[in-house]
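Next up, model13.cif (mmCIF, C-alpha atoms):
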```cif
data_start
loop_
_atom_site.group_PDB
_atom_site.id
_atom_site.type_symbol
_atom_site.label_atom_id
_atom_site.label_comp_id
_atom_site.auth_asym_id
_atom_site.auth_seq_id
_atom_site.Cartn_x
_atom_site.Cartn_y
_atom_site.Cartn_z
ATOM 1 C CA MET A 1 -8.701 84.369 196.606
ATOM 2 C CA GLN A 2 -9.882 82.103 193.818
ATOM 3 C CA PHE A 3 -12.443 80.336 195.990
ATOM 4 C CA ASP A 4 -15.830 81.694 197.075
ATOM 5 C CA ASN A 5 -15.543 80.434 200.641
ATOM 6 C CA LEU A 6 -13.395 78.342 202.922
ATOM 7 C CA SER A 7 -15.245 75.068 202.331
ATOM 8 C CA ALA A 8 -14.798 75.516 198.579
ATOM 9 C CA PHE A 9 -11.109 76.039 199.254
ATOM 10 C CA PHE A 10 -10.877 72.805 201.213
ATOM 11 C CA ASP A 11 -12.889 70.968 198.552
ATOM 12 C CA MET A 12 -10.374 71.975 195.820
ATOM 13 C CA GLY A 13 -12.995 71.619 193.088
ATOM 14 C CA GLY A 14 -13.528 67.967 193.984
ATOM 15 C CA TYR A 15 -9.821 67.106 194.023
ATOM 16 C CA ALA A 16 -9.475 67.622 197.783
ATOM 17 C CA PHE A 17 -8.081 64.131 198.472
ATOM 18 C CA TYR A 18 -5.280 64.331 195.898
ATOM 19 C CA VAL A 19 -4.299 67.948 196.527
ATOM 20 C CA TRP A 20 -4.231 67.735 200.321
ATOM 21 C CA LEU A 21 -2.602 64.304 200.237
ATOM 22 C CA SER A 22 0.223 65.734 198.115
ATOM 23 C CA PHE A 23 0.776 68.800 200.237
ATOM 24 C CA GLY A 24 0.291 66.940 203.521
ATOM 25 C CA VAL A 25 2.824 64.215 202.766
ATOM 26 C CA SER A 26 5.310 66.717 201.300
ATOM 27 C CA LEU A 27 5.185 69.073 204.273
ATOM 28 C CA LEU A 28 5.368 66.149 206.700
ATOM 29 C CA ALA A 29 8.464 64.773 204.938
ATOM 30 C CA LEU A 30 10.191 68.172 204.976
ATOM 31 C CA ALA A 31 9.236 68.736 208.618
ATOM 32 C CA LEU A 32 10.689 65.350 209.613
ATOM 33 C CA LEU A 33 13.905 66.208 207.790
ATOM 34 C CA ALA A 34 14.159 69.562 209.589
ATOM 35 C CA VAL A 35 13.330 68.096 213.006
ATOM 36 C CA ASP A 36 15.920 65.359 212.477
ATOM 37 C CA ALA A 37 18.591 67.946 211.635
ATOM 38 C CA VAL A 38 17.861 69.926 214.811
ATOM 39 C CA GLN A 39 17.629 66.777 216.943
ATOM 40 C CA GLN A 40 20.915 65.408 215.611
ATOM 41 C CA LYS A 41 22.727 68.509 216.822
ATOM 42 C CA ARG A 42 21.342 68.029 220.319
ATOM 43 C CA VAL A 43 22.276 64.327 220.317
ATOM 44 C CA LEU A 44 25.834 65.087 219.174
ATOM 45 C CA PHE A 45 26.373 67.865 221.711
ATOM 46 C CA GLU A 46 24.959 65.628 224.439
ATOM 47 C CA ALA A 47 27.417 62.894 223.477
ATOM 48 C CA VAL A 48 30.367 65.303 223.568
ATOM 49 C CA LYS A 49 29.267 66.613 226.975
ATOM 50 C CA LYS A 50 28.983 63.059 228.326
ATOM 51 C CA GLU A 51 32.479 62.259 227.041
ATOM 52 C CA GLN A 52 33.854 65.436 228.645
ATOM 53 C CA ALA A 53 32.238 64.564 231.980
ATOM 54 C CA ARG A 54 33.680 61.036 231.720
ATOM 55 C CA LYS A 55 37.183 62.435 231.148
ATOM 56 C CA VAL A 56 36.801 64.693 234.186
ATOM 57 C CA ARG A 57 35.713 61.696 236.283
ATOM 58 C CA ILE A 58 38.629 59.589 235.040
ATOM 59 C CA LYS A 59 41.068 62.363 235.873
ATOM 60 C CA ALA A 60 39.557 62.747 239.345
ATOM 61 C CA ALA A 61 39.701 58.993 239.928
ATOM 62 C CA GLN A 62 43.329 58.874 238.808
ATOM 63 C CA ALA A 63 44.221 61.780 241.073
ATOM 64 C CA SER A 64 42.572 60.185 244.121
ATOM 65 C CA ALA A 65 44.188 56.831 243.283
ATOM 66 C CA LYS A 66 47.564 58.546 243.218
ATOM 67 C CA SER A 67 46.984 60.207 246.594
ATOM 68 C CA ASN A 68 45.760 56.874 248.009
ATOM 69 C CA THR A 69 49.004 55.099 247.060
ATOM 70 C CA ARG A 70 50.934 57.927 248.662
ATOM 71 C CA ASN A 71 48.892 57.488 251.853
ATOM 72 C CA ASP A 72 49.238 53.736 251.962
ATOM 73 C CA PRO A 73 52.785 53.525 253.392
ATOM 74 C CA GLN A 74 51.834 55.918 256.180
ATOM 75 C CA LYS A 75 48.876 53.740 257.057
ATOM 76 C CA GLU A 76 51.177 50.750 257.275
ATOM 77 C CA GLU A 77 53.503 52.685 259.542
ATOM 78 C CA VAL A 78 50.623 53.575 261.809
ATOM 79 C CA SER A 79 49.494 49.954 261.987
ATOM 80 C CA SER A 80 53.001 48.678 262.673
ATOM 81 C CA GLU A 81 53.472 51.120 265.559
ATOM 82 C CA SER A 82 50.398 49.947 267.391
ATOM 83 C CA MET B 1 38.219 83.480 194.299
ATOM 84 C CA TRP B 2 40.210 80.415 195.320
ATOM 85 C CA LYS B 3 42.052 82.440 197.936
ATOM 86 C CA TRP B 4 38.743 83.622 199.335
ATOM 87 C CA LEU B 5 37.171 80.183 199.209
ATOM 88 C CA HIS B 6 40.022 78.085 200.505
ATOM 89 C CA PRO B 7 39.782 78.906 204.242
ATOM 90 C CA TYR B 8 36.306 77.336 204.265
ATOM 91 C CA ALA B 9 37.859 73.959 203.493
ATOM 92 C CA LYS B 10 38.826 74.046 207.159
ATOM 93 C CA THR B 11 35.989 72.520 209.102
ATOM 94 C CA GLN B 12 36.028 75.094 211.875
ATOM 95 C CA ASN B 13 35.642 77.992 209.424
ATOM 96 C CA ALA B 14 32.910 76.157 207.534
ATOM 97 C CA TYR B 15 31.066 75.507 210.789
ATOM 98 C CA GLN B 16 31.217 79.156 211.808
ATOM 99 C CA LEU B 17 30.087 80.318 208.370
ATOM 100 C CA CYS B 18 27.112 77.943 208.663
ATOM 101 C CA GLU B 19 26.321 79.342 212.118
ATOM 102 C CA ARG B 20 26.231 82.888 210.706
ATOM 103 C CA LEU B 21 24.182 81.972 207.627
ATOM 104 C CA LEU B 22 21.608 79.693 209.256
ATOM 105 C CA PRO B 23 19.199 82.278 210.758
ATOM 106 C CA TRP B 24 19.026 84.183 207.448
ATOM 107 C CA PHE B 25 18.277 81.030 205.507
ATOM 108 C CA VAL B 26 15.648 79.806 207.971
ATOM 109 C CA THR B 27 13.795 83.142 207.921
ATOM 110 C CA SER B 28 13.856 83.655 204.166
ATOM 111 C CA ALA B 29 12.988 79.974 203.584
ATOM 112 C CA LEU B 30 9.893 80.102 205.782
ATOM 113 C CA ILE B 31 8.685 83.392 204.280
ATOM 114 C CA SER B 32 9.137 82.482 200.609
ATOM 115 C CA PHE B 33 7.925 78.886 200.974
ATOM 116 C CA VAL B 34 4.726 79.926 202.762
ATOM 117 C CA ILE B 35 4.064 82.735 200.258
ATOM 118 C CA GLY B 36 4.633 80.424 197.292
ATOM 119 C CA ILE B 37 2.434 77.603 198.602
ATOM 120 C CA VAL B 38 -0.422 79.808 199.856
ATOM 121 C CA TRP B 39 -0.407 81.839 196.646
ATOM 122 C CA GLY B 40 -0.459 78.670 194.573
ATOM 123 C CA LEU B 41 -3.150 76.948 196.611
ATOM 124 C CA ALA B 42 -5.552 79.816 197.165
ATOM 125 C CA PHE B 43 -4.869 82.741 194.850
ATOM 126 C CA ALA B 44 -3.594 81.399 191.536
ATOM 127 C CA PRO B 45 -6.360 80.805 188.962
ATOM 128 C CA ALA B 46 -7.519 77.228 188.376
ATOM 129 C CA ASP B 47 -6.368 75.440 185.228
ATOM 130 C CA TYR B 48 -8.967 75.466 182.458
ATOM 131 C CA GLN B 49 -8.494 71.744 181.780
ATOM 132 C CA GLN B 50 -7.396 70.264 185.093
ATOM 133 C CA GLY B 51 -9.373 72.490 187.459
ATOM 134 C CA ASP B 52 -7.960 72.685 190.965
ATOM 135 C CA SER B 53 -6.011 69.423 190.766
ATOM 136 C CA PHE B 54 -3.287 71.316 188.905
ATOM 137 C CA ARG B 55 -2.397 73.068 192.167
ATOM 138 C CA ILE B 56 -0.262 70.034 192.994
ATOM 139 C CA ILE B 57 2.160 71.668 190.537
ATOM 140 C CA TYR B 58 3.210 74.091 193.298
ATOM 141 C CA ILE B 59 4.920 71.277 195.187
ATOM 142 C CA HIS B 60 5.522 68.782 192.374
ATOM 143 C CA VAL B 61 7.553 70.969 190.007
ATOM 144 C CA PRO B 62 9.718 72.599 192.708
ATOM 145 C CA SER B 63 10.570 69.213 194.228
ATOM 146 C CA ALA B 64 11.244 67.656 190.819
ATOM 147 C CA ILE B 65 13.545 70.473 189.685
ATOM 148 C CA LEU B 66 15.338 70.638 193.010
ATOM 149 C CA SER B 67 15.755 66.874 193.252
ATOM 150 C CA MET B 68 17.998 67.288 190.217
ATOM 151 C CA GLY B 69 19.515 70.515 191.526
ATOM 152 C CA ALA B 70 20.455 68.850 194.812
ATOM 153 C CA TYR B 71 21.979 65.954 192.896
ATOM 154 C CA SER B 72 24.129 68.343 190.842
ATOM 155 C CA ALA B 73 25.267 70.074 194.017
ATOM 156 C CA MET B 74 26.057 66.725 195.623
ATOM 157 C CA ALA B 75 28.031 65.588 192.572
ATOM 158 C CA ILE B 76 29.974 68.874 192.461
ATOM 159 C CA ALA B 77 30.820 68.464 196.158
ATOM 160 C CA ALA B 78 31.975 64.903 195.461
ATOM 161 C CA PHE B 79 34.104 66.144 192.540
ATOM 162 C CA VAL B 80 35.732 68.844 194.672
ATOM 163 C CA GLY B 81 36.381 66.297 197.385
ATOM 164 C CA LEU B 82 37.944 63.767 195.036
ATOM 165 C CA VAL B 83 40.047 66.168 192.956
ATOM 166 C CA TRP B 84 41.314 68.543 195.637
ATOM 167 C CA GLN B 85 41.137 66.134 198.597
ATOM 168 C CA VAL B 86 38.845 68.427 200.562
ATOM 169 C CA ARG B 87 37.285 66.577 203.484
ATOM 170 C CA THR B 88 34.682 69.277 204.034
ATOM 171 C CA ALA B 89 33.375 68.713 200.497
ATOM 172 C CA PHE B 90 32.657 65.052 201.306
ATOM 173 C CA MET B 91 30.843 66.189 204.429
ATOM 174 C CA ALA B 92 28.711 68.474 202.265
ATOM 175 C CA MET B 93 28.015 65.553 199.935
ATOM 176 C CA VAL B 94 26.895 63.363 202.821
ATOM 177 C CA ALA B 95 24.754 66.164 204.286
ATOM 178 C CA LEU B 96 23.005 66.687 200.929
ATOM 179 C CA ALA B 97 22.173 63.083 200.063
ATOM 180 C CA PRO B 98 19.243 62.513 202.468
ATOM 181 C CA ILE B 99 17.746 65.924 201.592
ATOM 182 C CA GLY B 100 17.882 65.034 197.908
ATOM 183 C CA ALA B 101 16.372 61.625 198.605
ATOM 184 C CA VAL B 102 13.428 63.119 200.516
ATOM 185 C CA VAL B 103 12.794 65.740 197.818
ATOM 186 C CA THR B 104 12.942 63.079 195.098
ATOM 187 C CA PHE B 105 10.436 61.045 197.092
ATOM 188 C CA ILE B 106 8.175 64.125 197.279
ATOM 189 C CA ALA B 107 8.424 64.609 193.513
ATOM 190 C CA LEU B 108 7.485 60.967 192.896
ATOM 191 C CA PHE B 109 4.710 60.931 195.483
ATOM 192 C CA THR B 110 3.039 64.170 194.388
ATOM 193 C CA GLY B 111 3.414 63.032 190.790
ATOM 194 C CA ALA B 112 1.520 59.843 191.649
ATOM 195 C CA ALA B 113 -1.204 61.765 193.497
ATOM 196 C CA TRP B 114 -1.532 64.041 190.466
ATOM 197 C CA GLY B 115 -1.412 61.187 187.974
ATOM 198 C CA LYS B 116 -4.278 59.308 189.594
ATOM 199 C CA PRO B 117 -6.995 61.918 188.896
ATOM 200 C CA MET B 118 -5.487 63.154 185.594
ATOM 201 C CA TRP B 119 -4.078 60.032 183.928
ATOM 202 C CA GLY B 120 -6.189 57.522 185.805
ATOM 203 C CA THR B 121 -3.199 55.742 187.296
ATOM 204 C CA TRP B 122 -0.819 56.251 190.220
ATOM 205 C CA TRP B 123 2.171 54.927 188.330
ATOM 206 C CA VAL B 124 3.286 54.018 184.824
ATOM 207 C CA TRP B 125 6.703 52.736 183.787
ATOM 208 C CA ASP B 126 7.345 55.558 181.383
ATOM 209 C CA ALA B 127 10.685 57.234 180.813
ATOM 210 C CA ARG B 128 10.259 60.326 183.011
ATOM 211 C CA LEU B 129 8.860 58.478 185.998
ATOM 212 C CA THR B 130 11.338 55.620 185.771
ATOM 213 C CA SER B 131 14.401 57.863 185.436
ATOM 214 C CA GLU B 132 13.243 59.911 188.431
ATOM 215 C CA LEU B 133 12.840 56.677 190.399
ATOM 216 C CA ILE B 134 16.417 55.785 189.433
ATOM 217 C CA LEU B 135 17.476 59.173 190.835
ATOM 218 C CA LEU B 136 15.947 58.146 194.171
ATOM 219 C CA PHE B 137 17.912 54.875 194.042
ATOM 220 C CA LEU B 138 21.112 56.797 193.254
ATOM 221 C CA TYR B 139 20.604 58.928 196.363
ATOM 222 C CA LEU B 140 19.925 55.833 198.448
ATOM 223 C CA GLY B 141 23.000 54.197 196.922
ATOM 224 C CA VAL B 142 25.235 57.125 197.899
ATOM 225 C CA ILE B 143 23.794 57.112 201.444
ATOM 226 C CA SER B 144 24.207 53.376 201.993
ATOM 227 C CA LEU B 145 27.614 53.175 200.316
ATOM 228 C CA TYR B 146 28.872 55.910 202.634
ATOM 229 C CA ALA B 147 27.336 54.168 205.644
ATOM 230 C CA SER B 148 28.872 50.802 204.800
ATOM 231 C CA PHE B 149 32.525 51.878 205.219
ATOM 232 C CA GLU B 150 34.017 52.016 208.681
ATOM 233 C CA ASP B 151 36.775 54.351 207.446
ATOM 234 C CA LYS B 152 34.930 57.534 206.528
ATOM 235 C CA HIS B 153 37.749 58.751 204.278
ATOM 236 C CA GLN B 154 37.316 55.641 202.125
ATOM 237 C CA ALA B 155 33.531 55.998 202.421
ATOM 238 C CA GLY B 156 33.641 59.558 201.079
ATOM 239 C CA LYS B 157 35.718 58.529 198.073
ATOM 240 C CA ALA B 158 33.567 55.514 197.206
ATOM 241 C CA ALA B 159 30.258 57.354 197.592
ATOM 242 C CA GLY B 160 31.756 60.322 195.723
ATOM 243 C CA VAL B 161 32.577 58.196 192.666
ATOM 244 C CA MET B 162 29.054 56.820 192.686
ATOM 245 C CA ALA B 163 27.564 60.321 192.948
ATOM 246 C CA ILE B 164 29.621 61.512 189.969
ATOM 247 C CA VAL B 165 28.786 58.486 187.803
ATOM 248 C CA GLY B 166 25.095 59.022 188.594
ATOM 249 C CA VAL B 167 25.175 62.465 186.974
ATOM 250 C CA VAL B 168 24.560 60.703 183.651
ATOM 251 C CA ASN B 169 20.975 60.235 184.845
ATOM 252 C CA LEU B 170 20.269 63.987 185.041
ATOM 253 C CA PRO B 171 20.105 64.707 181.265
ATOM 254 C CA ILE B 172 18.174 61.456 180.858
ATOM 255 C CA ILE B 173 15.526 62.753 183.273
ATOM 256 C CA HIS B 174 15.432 66.162 181.652
ATOM 257 C CA PHE B 175 15.170 64.987 178.040
ATOM 258 C CA SER B 176 13.122 61.852 178.766
ATOM 259 C CA VAL B 177 9.946 63.673 177.728
ATOM 260 C CA GLU B 178 11.480 64.490 174.330
ATOM 261 C CA TRP B 179 13.417 61.306 173.594
ATOM 262 C CA TRP B 180 10.601 58.879 174.334
ATOM 263 C CA ASN B 181 6.859 58.889 174.029
ATOM 264 C CA THR B 182 5.730 59.433 177.570
ATOM 265 C CA LEU B 183 2.556 60.178 179.435
ATOM 266 C CA HIS B 184 4.343 63.002 181.210
ATOM 267 C CA GLN B 185 3.962 66.431 179.678
ATOM 268 C CA GLY B 186 6.912 68.345 178.252
ATOM 269 C CA ALA B 187 8.907 71.035 179.998
ATOM 270 C CA SER B 188 7.166 74.368 180.445
ATOM 271 C CA ILE B 189 9.729 76.399 182.413
ATOM 272 C CA THR B 190 13.132 74.790 181.993
ATOM 273 C CA LYS B 191 13.533 75.430 178.298
ATOM 274 C CA PHE B 192 15.242 78.080 176.265
ATOM 275 C CA ASP B 193 11.986 79.506 174.888
ATOM 276 C CA LYS B 194 9.764 81.759 176.914
ATOM 277 C CA PRO B 195 7.988 79.762 179.641
ATOM 278 C CA SER B 196 4.592 78.559 178.431
ATOM 279 C CA VAL B 197 2.814 79.239 181.713
ATOM 280 C CA ALA B 198 0.532 82.236 182.301
ATOM 281 C CA PRO B 199 2.230 84.858 184.542
ATOM 282 C CA ASP B 200 -0.351 84.642 187.339
ATOM 283 C CA MET B 201 0.371 80.910 187.575
ATOM 284 C CA LEU B 202 4.096 81.245 186.891
ATOM 285 C CA TRP B 203 4.943 83.709 189.661
ATOM 286 C CA PRO B 204 3.685 81.597 192.568
ATOM 287 C CA LEU B 205 5.459 78.631 190.965
ATOM 288 C CA LEU B 206 8.781 80.473 190.784
ATOM 289 C CA ILE B 207 8.403 81.611 194.392
ATOM 290 C CA SER B 208 7.602 78.043 195.459
ATOM 291 C CA ILE B 209 10.764 76.842 193.731
ATOM 292 C CA LEU B 210 12.801 79.534 195.493
ATOM 293 C CA GLY B 211 11.074 78.728 198.786
ATOM 294 C CA LEU B 212 11.762 74.996 198.598
ATOM 295 C CA ALA B 213 15.361 75.699 197.544
ATOM 296 C CA LEU B 214 15.841 77.869 200.638
ATOM 297 C CA VAL B 215 14.172 75.289 202.890
ATOM 298 C CA MET B 216 16.566 72.661 201.557
ATOM 299 C CA ALA B 217 19.508 75.044 201.962
ATOM 300 C CA ALA B 218 18.583 75.764 205.592
ATOM 301 C CA ILE B 219 18.297 72.046 206.385
ATOM 302 C CA PHE B 220 21.564 71.439 204.525
ATOM 303 C CA ILE B 221 23.397 74.046 206.603
ATOM 304 C CA ARG B 222 22.330 72.431 209.857
ATOM 305 C CA ARG B 223 23.096 68.929 208.533
ATOM 306 C CA LEU B 224 26.548 70.038 207.370
ATOM 307 C CA GLN B 225 27.241 71.420 210.847
ATOM 308 C CA ASN B 226 26.157 68.119 212.370
ATOM 309 C CA GLU B 227 28.363 66.162 209.982
ATOM 310 C CA ILE B 228 31.352 68.377 210.794
ATOM 311 C CA VAL B 229 30.845 67.908 214.543
ATOM 312 C CA ARG B 230 30.378 64.150 214.081
ATOM 313 C CA ARG B 231 33.662 63.826 212.204
ATOM 314 C CA GLU B 232 35.674 66.265 214.362
ATOM 315 C CA LEU B 233 34.366 65.073 217.719
ATOM 316 C CA ASN B 234 37.734 65.169 219.505
ATOM 317 C CA ARG B 235 39.120 68.381 218.034
ATOM 318 C CA PRO B 236 39.767 71.095 220.649
ATOM 319 C CA TRP B 237 37.522 73.622 218.873
ATOM 320 C CA VAL B 238 34.557 71.223 218.995
ATOM 321 C CA GLN B 239 35.228 70.586 222.674
ATOM 322 C CA GLU B 240 35.276 74.336 223.324
ATOM 323 C CA LEU B 241 32.137 74.807 221.228
ATOM 324 C CA VAL B 242 30.223 72.286 223.331
ATOM 325 C CA SER B 243 31.543 73.743 226.608
ATOM 326 C CA ALA B 244 30.442 77.200 225.466
ATOM 327 C CA ALA B 245 26.980 75.870 224.564
ATOM 328 C CA LYS B 246 26.727 74.287 228.019
ATOM 329 C CA GLU B 247 27.228 77.598 229.803
ATOM 330 C CA LYS B 248 24.477 79.317 227.830
#
```

I need this file expressed as structure tokens, please.
Amino acid sequence: MQFDNLSAFFDMGGYAFYVWLSFGVSLLALALLAVDAVQQKRVLFEAVKKEQARKVRIKAAQASAKSNTRNDPQKEEVSSES
Amino acid sequence: MWKWLHPYAKTQNAYQLCERLLPWFVTSALISFVIGIVWGLAFAPADYQQGDSFRIIYIHVPSAILSMGAYSAMAIAAFVGLVWQVRTAFMAMVALAPIGAVVTFIALFTGAAWGKPMWGTWWVWDARLTSELILLFLYLGVISLYASFEDKHQAGKAAGVMAIVGVVNLPIIHFSVEWWNTLHQGASITKFDKPSVAPDMLWPLLISILGLALVMAAIFIRRLQNEIVRRELNRPWVQELVSAAKEK
């Protein structure tokens, strides 16, 4: 280590503000970029899952609608008999 | 090589290659980046003229070099996309642009924070600084041009042409310190002579460059995957991929 102690390290020979500002902002920018990349994947997968669930619901609704129309004439028959 | 490379033009193959490569890139990126930065900040000797302020070099030079490296890669991807009509290449171009923009911003910002104590000013309109600022605008131009087309095939072609035209800026940045009188110092690594940096300062710098390159590569891999999924949303293999991820 080039510095005598930890406080000398943080002081950076009097240039603490400029050195730590540079490294802080740089690491923050890179971290945001990385987090965004990971988050985007989750968002996309979530969207695909939602769309899949919607398709399943539509299919189910269509199927029940079909069976309803098939039942309807019978219902009418029942009502006409009574 | 073409025969070996061509299957990866298919988005599914590219996605799976990314999936295999990602953990290796993340691990090696974290290790080399941390080693480079810690070595540079704490163990490299101080500069005899600039004292400890010179340690900004360990983020400034890597980001500056790689801002140009990322631009070259983006332009090559655009070229491949335009000439051979490879959709995946445009996706790579789009995935790279924001990474390049952020790294260019880092180069400019750390340069300003280094310029203030050493030159006495955050910013001057000299050739090196201005041409690097133009590089940032080129990245932003590619990003916004791509975003402004509804038809992403058209968007890729338009942004691709802009990326390729912008390559003219790269030699301007590199030679700006020779062609004009500037405040910025000349090149000390990227020249044909032996590097004019002492070895115990040069090694951490080289490792920082490698580290940042790997960090950018790791982010690029994940971004490319995202771009592929975004564009292939309704393909059966994407649907299966998401279903498989759900069960995990």

Per-residue nearest contacts of chain B to chain A (9 Å; all atoms listed in the file) as JSON lines:
```
{"residue": "B:Trp39", "atom": "CA", "partner": "A:Met1", "partner_atom": "CA", "distance": 8.7}
{"residue": "B:Leu41", "atom": "CA", "partner": "A:Phe9", "partner_atom": "CA", "distance": 8.4}
{"residue": "B:Ala42", "atom": "CA", "partner": "A:Met1", "partner_atom": "CA", "distance": 5.6}
{"residue": "B:Phe43", "atom": "CA", "partner": "A:Met1", "partner_atom": "CA", "distance": 4.5}
{"residue": "B:Ala44", "atom": "CA", "partner": "A:Gln2", "partner_atom": "CA", "distance": 6.7}
{"residue": "B:Pro45", "atom": "CA", "partner": "A:Gln2", "partner_atom": "CA", "distance": 6.1}
{"residue": "B:Ala46", "atom": "CA", "partner": "A:Gln2", "partner_atom": "CA", "distance": 7.7}
{"residue": "B:Gly51", "atom": "CA", "partner": "A:Gly13", "partner_atom": "CA", "distance": 6.8}
{"residue": "B:Asp52", "atom": "CA", "partner": "A:Met12", "partner_atom": "CA", "distance": 5.5}
{"residue": "B:Ser53", "atom": "CA", "partner": "A:Tyr15", "partner_atom": "CA", "distance": 5.5}
{"residue": "B:Phe54", "atom": "CA", "partner": "A:Val19", "partner_atom": "CA", "distance": 8.4}
{"residue": "B:Arg55", "atom": "CA", "partner": "A:Val19", "partner_atom": "CA", "distance": 7.0}
{"residue": "B:Ile56", "atom": "CA", "partner": "A:Val19", "partner_atom": "CA", "distance": 5.8}
{"residue": "B:Ile59", "atom": "CA", "partner": "A:Phe23", "partner_atom": "CA", "distance": 7.0}
{"residue": "B:His60", "atom": "CA", "partner": "A:Ser22", "partner_atom": "CA", "distance": 8.4}
{"residue": "B:Pro98", "atom": "CA", "partner": "A:Leu33", "partner_atom": "CA", "distance": 8.4}
{"residue": "B:Ile99", "atom": "CA", "partner": "A:Leu33", "partner_atom": "CA", "distance": 7.3}
{"residue": "B:Val102", "atom": "CA", "partner": "A:Ala29", "partner_atom": "CA", "distance": 6.9}
{"residue": "B:Val103", "atom": "CA", "partner": "A:Leu30", "partner_atom": "CA", "distance": 8.0}
{"residue": "B:Phe105", "atom": "CA", "partner": "A:Ser26", "partner_atom": "CA", "distance": 8.7}
{"residue": "B:Ile106", "atom": "CA", "partner": "A:Ser26", "partner_atom": "CA", "distance": 5.6}
{"residue": "B:Ala107", "atom": "CA", "partner": "A:Ser26", "partner_atom": "CA", "distance": 8.6}
{"residue": "B:Phe109", "atom": "CA", "partner": "A:Ser22", "partner_atom": "CA", "distance": 7.1}
{"residue": "B:Thr110", "atom": "CA", "partner": "A:Ser22", "partner_atom": "CA", "distance": 4.9}
{"residue": "B:Gly111", "atom": "CA", "partner": "A:Ser22", "partner_atom": "CA", "distance": 8.4}
{"residue": "B:Ala112", "atom": "CA", "partner": "A:Ser22", "partner_atom": "CA", "distance": 8.8}
{"residue": "B:Ala113", "atom": "CA", "partner": "A:Tyr18", "partner_atom": "CA", "distance": 5.4}
{"residue": "B:Trp114", "atom": "CA", "partner": "A:Tyr18", "partner_atom": "CA", "distance": 6.6}
{"residue": "B:Lys116", "atom": "CA", "partner": "A:Tyr18", "partner_atom": "CA", "distance": 8.1}
{"residue": "B:Pro117", "atom": "CA", "partner": "A:Tyr18", "partner_atom": "CA", "distance": 7.6}
{"residue": "B:Val215", "atom": "CA", "partner": "A:Leu30", "partner_atom": "CA", "distance": 8.4}
{"residue": "B:Met216", "atom": "CA", "partner": "A:Leu30", "partner_atom": "CA", "distance": 8.5}
{"residue": "B:Ala218", "atom": "CA", "partner": "A:Ala34", "partner_atom": "CA", "distance": 8.6}
{"residue": "B:Ile219", "atom": "CA", "partner": "A:Ala34", "partner_atom": "CA", "distance": 5.8}
{"residue": "B:Phe220", "atom": "CA", "partner": "A:Ala37", "partner_atom": "CA", "distance": 8.5}
{"residue": "B:Arg222", "atom": "CA", "partner": "A:Ala37", "partner_atom": "CA", "distance": 6.1}
{"residue": "B:Arg223", "atom": "CA", "partner": "A:Ala37", "partner_atom": "CA", "distance": 5.6}
{"residue": "B:Gln225", "atom": "CA", "partner": "A:Lys41", "partner_atom": "CA", "distance": 8.0}
{"residue": "B:Asn226", "atom": "CA", "partner": "A:Lys41", "partner_atom": "CA", "distance": 5.6}
{"residue": "B:Val229", "atom": "CA", "partner": "A:Leu44", "partner_atom": "CA", "distance": 7.4}
{"residue": "B:Arg230", "atom": "CA", "partner": "A:Leu44", "partner_atom": "CA", "distance": 6.9}
{"residue": "B:Leu233", "atom": "CA", "partner": "A:Val48", "partner_atom": "CA", "distance": 7.1}
{"residue": "B:Asn234", "atom": "CA", "partner": "A:Val48", "partner_atom": "CA", "distance": 8.4}
{"residue": "B:Val238", "atom": "CA", "partner": "A:Val48", "partner_atom": "CA", "distance": 8.6}
{"residue": "B:Gln239", "atom": "CA", "partner": "A:Val48", "partner_atom": "CA", "distance": 7.2}
{"residue": "B:Val242", "atom": "CA", "partner": "A:Phe45", "partner_atom": "CA", "distance": 6.1}
{"residue": "B:Ser243", "atom": "CA", "partner": "A:Lys49", "partner_atom": "CA", "distance": 7.5}
{"residue": "B:Ala245", "atom": "CA", "partner": "A:Phe45", "partner_atom": "CA", "distance": 8.5}
{"residue": "B:Lys246", "atom": "CA", "partner": "A:Lys49", "partner_atom": "CA", "distance": 8.2}
```

| task | Determine, counting all atoms listed in the file, which protein, DNA and RNA residues have an atom within 7 Å of an atom of region 122-130 of chain B; residues of the same chain fewer than 6 positions away are not included. Present the result as a PyMOL selection string. | result | chain B and resi 112-113+115-116+173+176-177+180+182-184

Might you spell out which residues the PyMOL selection byres ((chain B and resi 136) around 12) would select in the displayed file, as a PyMOL selection string?
chain B and resi 64+67-68+70-71+97-109+129-135+137-143+163+166+169-170+173

Let me have the centre and edge lengths in Å, one decimal, of the box along x, y and z around every listed atom of region 52-65 of chain B with 8 Å of margin on each side, as lines of an AutoDock Vina configuration file.
```
center_x = 2.8
center_y = 70.9
center_z = 192.0
size_x = 37.5
size_y = 22.4
size_z = 22.3
```

re CA of His6 (chain B) and CA of Phe90 (chain B): distance 15.0 Å

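Our summary of the geometry notes that CA of Leu224 (chain B) is positioned 14.7 Å from CA of Pro23 (chain B).
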
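Taking CA of Ala53 (chain A) and CA of Lys66 (chain A) as endpoints, the distance between them is 19.9 Å.
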
* Decode the PyMOL selection byres ((chain B and resi 26) around 10) for the given file into explicit residues and return them as a VMD selection string. => chain B and resid 21 to 25 27 to 31 214 to 219 221

**Message:** On this structure, the PyMOL selection byres ((chain B and resi 79-82) around 12) would catch which residues? List them as number ranges by chain, sorted by chain and number.
**Reply:** B: 6, 9, 72-78, 83-94, 153-165, 167

One residue among B:His174, B:Leu210, B:Gly120, B:Lys10 is nearest to Glu232 (chain B) when using only C-alpha atoms, and that residue is B:Lys10
